[in-house]
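Chemist: First the structure, then my questions, so here it is.
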Amino acid sequence: MSDAADAAIEETFHTPARFAIMASLVDVDRAEFALVRDAIGVSDSVLSKHASHLERAGFVEVVKGYVGKRPRTWFALTDDGRTAFRRHLAALRRIADAAADYTAAGRRES
Amino acid sequence: MDPDDARRSLEQATSLSTTSTSAARWLVPYYVALGLGSVVLALGVGLTGDPVVVVVTTTLWVVLVVATSVYAATRRATVRGMAALHGVTMGAWTAAWCTTVLVGSLADLGWAWWAGGGLAMLAICLAAAASAHRRARPTPVAAGAAAGVR
């Protein structure tokens, strides 16, 4: 792994559920609890636990409210969270591309 | 990190982002409905001048606004920058509506004025729908484009 990619990898996102939560939120303003839960395929408690961790890290904002009389929970990325996750994705892309370049160069030499 | 793991993570990110942005695409038909309703409202209010037609048209407009508001409140995701987009759109729509009604009431400019006002409001809503459509797409970073921060 290159030093640049290494530096951009965010340890917080190594947990699959946290990575999935961030990926679900990165391109929207906010998303409802049930949408994220169904998209990433985890239980309510697992989602709550990892969302709380991301909230404490300053990457996710949790907003509770009501639609009519029904309580709803919304998740949104903070600016820091969005920036950190995009850097993380970019680092992943560099790792994947570097491996592809290495394989292609090996094929040319053989 | 293993390159295959990195690739799998990127594919997963793209898939999850697509799911969320698809859920946020409701704003497109929302603005189209408001735009079409605006044309009916302008024509109904201005064309005949018949108080009954004005009352019926205005009532239908209120029903449309309530229905779209309930629809919006129950959606599960919103596009990025929705508050700003909606604020600008509603500001422009209000300016167009007030201009249409004020000028149309003070001067007898005929059906073309009211139709023009309705089309102006439709254009504002369609521009907002196009913007919402552009925003309701996953970022190209995960799909393999430039690795910058948007």
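By order of appearance in the structure tokens: chains A, B, ..., then residues from 1 within every chain, and ligands from 1 in the order shown.
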Output as a ChimeraX atom specification the set of chain A residues within 9 Å of chain B, with distances taken over only C-alpha atoms.
Modeler: /A:1,6,16,19-36,39-40,67,74,82-83,86-87,89-100
Chemist: Which parts of segment 3-148 of chain B does DSSP call alpha helix (DSSP H) when run on the backbone here, written out as a PyMOL selection string?
Modeler: chain B and resi 3-23+27-46+51-73+82-106+110-135+140-143
Chemist: By how many Å are atom CA of Gly110 of chain B and atom CA of Gly46 of chain B apart?
Modeler: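 Atom CA of Gly46 of chain B lies at a distance of 8.2 Å from atom CA of Gly110 of chain B.
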Chemist: May I have the residues within 12 Å of segment 119-128 of chain B as a PDB file with C-alpha atoms, in the first residue's frame, using only C-alpha atoms and disregarding those fewer than 2 positions away in the same chain?
Modeler:
```
ATOM      1  CA  LEU B  27     -38.174  15.181  -5.209  1.00  0.00           C
ATOM      2  CA  VAL B  28     -38.278  15.004  -9.025  1.00  0.00           C
ATOM      3  CA  PRO B  29     -41.988  14.012  -9.382  1.00  0.00           C
ATOM      4  CA  TYR B  30     -42.763  16.318  -6.451  1.00  0.00           C
ATOM      5  CA  TYR B  31     -41.550  19.381  -8.379  1.00  0.00           C
ATOM      6  CA  VAL B  32     -43.144  18.204 -11.630  1.00  0.00           C
ATOM      7  CA  ALA B  33     -46.516  17.881  -9.850  1.00  0.00           C
ATOM      8  CA  LEU B  34     -46.168  21.359  -8.336  1.00  0.00           C
ATOM      9  CA  GLY B  35     -45.226  22.817 -11.724  1.00  0.00           C
ATOM     10  CA  LEU B  36     -48.188  21.285 -13.547  1.00  0.00           C
ATOM     11  CA  GLY B  37     -50.480  22.338 -10.709  1.00  0.00           C
ATOM     12  CA  SER B  38     -49.142  25.884 -11.022  1.00  0.00           C
ATOM     13  CA  VAL B  39     -50.213  26.070 -14.666  1.00  0.00           C
ATOM     14  CA  VAL B  40     -53.731  24.925 -13.772  1.00  0.00           C
ATOM     15  CA  LEU B  41     -53.822  27.400 -10.868  1.00  0.00           C
ATOM     16  CA  ALA B  42     -52.761  30.375 -13.003  1.00  0.00           C
ATOM     17  CA  LEU B  43     -55.196  29.555 -15.796  1.00  0.00           C
ATOM     18  CA  VAL B  79     -31.024  14.772  -1.819  1.00  0.00           C
ATOM     19  CA  GLY B  81     -28.568  20.465  -0.545  1.00  0.00           C
ATOM     20  CA  MET B  82     -32.332  20.002  -0.491  1.00  0.00           C
ATOM     21  CA  ALA B  83     -33.025  22.862   1.927  1.00  0.00           C
ATOM     22  CA  ALA B  84     -31.195  25.380  -0.269  1.00  0.00           C
ATOM     23  CA  LEU B  85     -32.731  24.010  -3.469  1.00  0.00           C
ATOM     24  CA  HIS B  86     -36.235  24.125  -2.028  1.00  0.00           C
ATOM     25  CA  GLY B  87     -35.730  27.598  -0.563  1.00  0.00           C
ATOM     26  CA  VAL B  88     -34.549  29.050  -3.879  1.00  0.00           C
ATOM     27  CA  THR B  89     -37.307  27.269  -5.809  1.00  0.00           C
ATOM     28  CA  MET B  90     -40.092  28.413  -3.507  1.00  0.00           C
ATOM     29  CA  GLY B  91     -38.707  31.959  -3.482  1.00  0.00           C
ATOM     30  CA  ALA B  92     -38.669  32.098  -7.286  1.00  0.00           C
ATOM     31  CA  TRP B  93     -42.108  30.457  -7.498  1.00  0.00           C
ATOM     32  CA  THR B  94     -43.581  32.983  -5.039  1.00  0.00           C
ATOM     33  CA  ALA B  95     -42.093  35.903  -6.986  1.00  0.00           C
ATOM     34  CA  ALA B  96     -43.535  34.538 -10.243  1.00  0.00           C
ATOM     35  CA  TRP B  97     -46.954  33.927  -8.662  1.00  0.00           C
ATOM     36  CA  CYS B  98     -47.151  37.369  -7.031  1.00  0.00           C
ATOM     37  CA  THR B  99     -46.078  39.088 -10.255  1.00  0.00           C
ATOM     38  CA  THR B 100     -48.624  37.117 -12.276  1.00  0.00           C
ATOM     39  CA  ALA B 112     -51.676  35.112 -22.592  1.00  0.00           C
ATOM     40  CA  TRP B 113     -50.476  36.850 -19.428  1.00  0.00           C
ATOM     41  CA  TRP B 114     -51.901  34.170 -17.152  1.00  0.00           C
ATOM     42  CA  ALA B 115     -50.672  31.366 -19.368  1.00  0.00           C
ATOM     43  CA  GLY B 116     -47.226  32.983 -19.400  1.00  0.00           C
ATOM     44  CA  GLY B 117     -47.255  33.223 -15.603  1.00  0.00           C
ATOM     45  CA  ALA B 130     -33.691  18.707 -13.082  1.00  0.00           C
ATOM     46  CA  SER B 131     -31.416  19.846 -10.266  1.00  0.00           C
ATOM     47  CA  ALA B 132     -32.919  17.248  -7.912  1.00  0.00           C
ATOM     48  CA  HIS B 133     -32.377  14.566 -10.558  1.00  0.00           C
ATOM     49  CA  ARG B 134     -28.681  15.508 -10.869  1.00  0.00           C
ATOM     50  CA  ARG B 135     -28.237  15.452  -7.093  1.00  0.00           C
TER      51      ARG B 135
END
```
Chemist: Pick out the residues sitting within 6 Å of His50 of chain A, and hand them over as a ChimeraX atom specification; count only C-alpha atoms, and ignore anything fewer than 3 positions along from it in its own chain.
Modeler: /A:18,47,53
Chemist: Just N, CA and C atoms for this one: save the residues we selected as a CSV table (one decimal), in the first residue's frame.
Modeler:
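Once written, part-v8.csv looks like this:
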```
chain,number,residue,atom,x,y,z
A,18,ARG,N,-20.0,0.0,10.0
A,18,ARG,CA,-19.8,1.5,10.0
A,18,ARG,C,-19.5,1.9,8.5
A,47,LEU,N,-27.4,-1.4,14.3
A,47,LEU,CA,-27.4,-0.1,13.6
A,47,LEU,C,-27.2,1.0,14.6
A,53,HIS,N,-21.5,5.1,17.7
A,53,HIS,CA,-20.0,5.2,17.6
A,53,HIS,C,-19.6,6.3,16.6
```
Chemist: When you look at segment 55-58 of chain B with a cut-off of 7 Å (counting only C-alpha atoms), what residues show up, excluding the ones that are within fewer than 2 positions of it in the same chain? I need them as JSON, numbers by chain.
Modeler: {"B": [41, 44, 45, 51, 52, 53, 60, 61, 62]}
Chemist: The selected residues should be written to file as a tab-separated table (two decimals), in the first residue's frame (atoms: N, CA and C atoms).
Modeler:
```
chain	number	residue	atom	x	y	z
B	41	LEU	N	-53.45	26.34	-11.81
B	41	LEU	CA	-53.82	27.40	-10.87
B	41	LEU	C	-53.87	28.76	-11.58
B	44	GLY	N	-56.76	28.84	-14.07
B	44	GLY	CA	-58.05	28.83	-13.37
B	44	GLY	C	-58.36	30.17	-12.73
B	45	VAL	N	-57.35	30.81	-12.17
B	45	VAL	CA	-57.56	32.09	-11.49
B	45	VAL	C	-57.77	33.22	-12.51
B	51	PRO	N	-65.84	33.75	-10.15
B	51	PRO	CA	-65.49	33.45	-8.75
B	51	PRO	C	-65.57	31.96	-8.42
B	52	VAL	N	-66.53	31.26	-9.02
B	52	VAL	CA	-66.67	29.83	-8.73
B	52	VAL	C	-65.44	29.07	-9.24
B	53	VAL	N	-65.00	29.41	-10.44
B	53	VAL	CA	-63.81	28.75	-11.01
B	53	VAL	C	-62.58	29.06	-10.15
B	60	LEU	N	-58.44	23.14	-5.23
B	60	LEU	CA	-57.65	22.03	-5.79
B	60	LEU	C	-56.16	22.26	-5.54
B	61	TRP	N	-55.73	23.51	-5.63
B	61	TRP	CA	-54.32	23.83	-5.38
B	61	TRP	C	-53.94	23.53	-3.92
B	62	VAL	N	-54.82	23.92	-3.01
B	62	VAL	CA	-54.55	23.65	-1.58
B	62	VAL	C	-54.47	22.15	-1.32
```
Chemist: Which value, in Å to one decimal, gives the distance between atom CA of Phe75 of chain A and atom CA of Ala67 of chain B?
Modeler: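 Straight-line distance from atom CA of Phe75 of chain A to atom CA of Ala67 of chain B works out to 25.1 Å.
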Chemist: Set the distance at 12 Å and use only C-alpha atoms: which residues neighbour Ala57 of chain A once local chain neighbours fewer than 4 positions away are removed? I'd like the list as a PyMOL selection string.
Modeler: chain A and resi 10-13+18+50-53+61+77-78+80-81+84
Chemist: Selection from above, N, CA and C atoms, as a PDB file, in the first residue's frame, can you write it?
Modeler:
```pdb
ATOM      1  N   GLU A  10      -9.181   5.406   7.075  1.00  0.00           N
ATOM      2  CA  GLU A  10      -9.733   5.778   8.384  1.00  0.00           C
ATOM      3  C   GLU A  10     -10.102   4.498   9.138  1.00  0.00           C
ATOM      4  N   GLU A  11      -9.456   4.310  10.278  1.00  0.00           N
ATOM      5  CA  GLU A  11      -9.657   3.075  11.046  1.00  0.00           C
ATOM      6  C   GLU A  11     -11.122   2.873  11.435  1.00  0.00           C
ATOM      7  N   THR A  12     -11.814   3.974  11.710  1.00  0.00           N
ATOM      8  CA  THR A  12     -13.213   3.882  12.148  1.00  0.00           C
ATOM      9  C   THR A  12     -14.077   3.132  11.131  1.00  0.00           C
ATOM     10  N   PHE A  13     -13.726   3.252   9.849  1.00  0.00           N
ATOM     11  CA  PHE A  13     -14.557   2.673   8.788  1.00  0.00           C
ATOM     12  C   PHE A  13     -14.194   1.222   8.471  1.00  0.00           C
ATOM     13  N   ARG A  18     -20.033   0.002   9.976  1.00  0.00           N
ATOM     14  CA  ARG A  18     -19.780   1.463   9.960  1.00  0.00           C
ATOM     15  C   ARG A  18     -19.490   1.933   8.543  1.00  0.00           C
ATOM     16  N   HIS A  50     -23.571   1.092  16.116  1.00  0.00           N
ATOM     17  CA  HIS A  50     -22.528   1.624  15.232  1.00  0.00           C
ATOM     18  C   HIS A  50     -22.789   3.099  14.882  1.00  0.00           C
ATOM     19  N   ALA A  51     -24.056   3.469  14.767  1.00  0.00           N
ATOM     20  CA  ALA A  51     -24.369   4.879  14.501  1.00  0.00           C
ATOM     21  C   ALA A  51     -23.931   5.749  15.688  1.00  0.00           C
ATOM     22  N   SER A  52     -24.126   5.234  16.897  1.00  0.00           N
ATOM     23  CA  SER A  52     -23.679   5.981  18.085  1.00  0.00           C
ATOM     24  C   SER A  52     -22.167   6.147  18.087  1.00  0.00           C
ATOM     25  N   HIS A  53     -21.468   5.097  17.691  1.00  0.00           N
ATOM     26  CA  HIS A  53     -20.004   5.185  17.616  1.00  0.00           C
ATOM     27  C   HIS A  53     -19.585   6.259  16.606  1.00  0.00           C
ATOM     28  N   GLU A  61     -24.486  12.626  12.326  1.00  0.00           N
ATOM     29  CA  GLU A  61     -25.419  13.354  13.191  1.00  0.00           C
ATOM     30  C   GLU A  61     -26.712  12.530  13.265  1.00  0.00           C
ATOM     31  N   LEU A  77     -24.564  12.714   7.505  1.00  0.00           N
ATOM     32  CA  LEU A  77     -23.121  12.857   7.703  1.00  0.00           C
ATOM     33  C   LEU A  77     -22.806  14.302   8.062  1.00  0.00           C
ATOM     34  N   THR A  78     -21.861  14.479   8.956  1.00  0.00           N
ATOM     35  CA  THR A  78     -21.328  15.819   9.203  1.00  0.00           C
ATOM     36  C   THR A  78     -20.364  16.160   8.063  1.00  0.00           C
ATOM     37  N   ASP A  80     -17.261  16.859   8.386  1.00  0.00           N
ATOM     38  CA  ASP A  80     -16.033  16.092   8.654  1.00  0.00           C
ATOM     39  C   ASP A  80     -16.211  14.628   8.245  1.00  0.00           C
ATOM     40  N   GLY A  81     -17.391  14.091   8.526  1.00  0.00           N
ATOM     41  CA  GLY A  81     -17.654  12.694   8.183  1.00  0.00           C
ATOM     42  C   GLY A  81     -17.626  12.464   6.686  1.00  0.00           C
ATOM     43  N   ALA A  84     -13.981  12.782   5.456  1.00  0.00           N
ATOM     44  CA  ALA A  84     -13.177  11.620   5.855  1.00  0.00           C
ATOM     45  C   ALA A  84     -13.561  10.389   5.050  1.00  0.00           C
TER      46      ALA A  84
END
```
Chemist: By how many Å are atom CA of Arg37 of chain A and atom CA of Phe85 of chain A apart?
Modeler: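 Those two atoms sit 19.0 Å apart.
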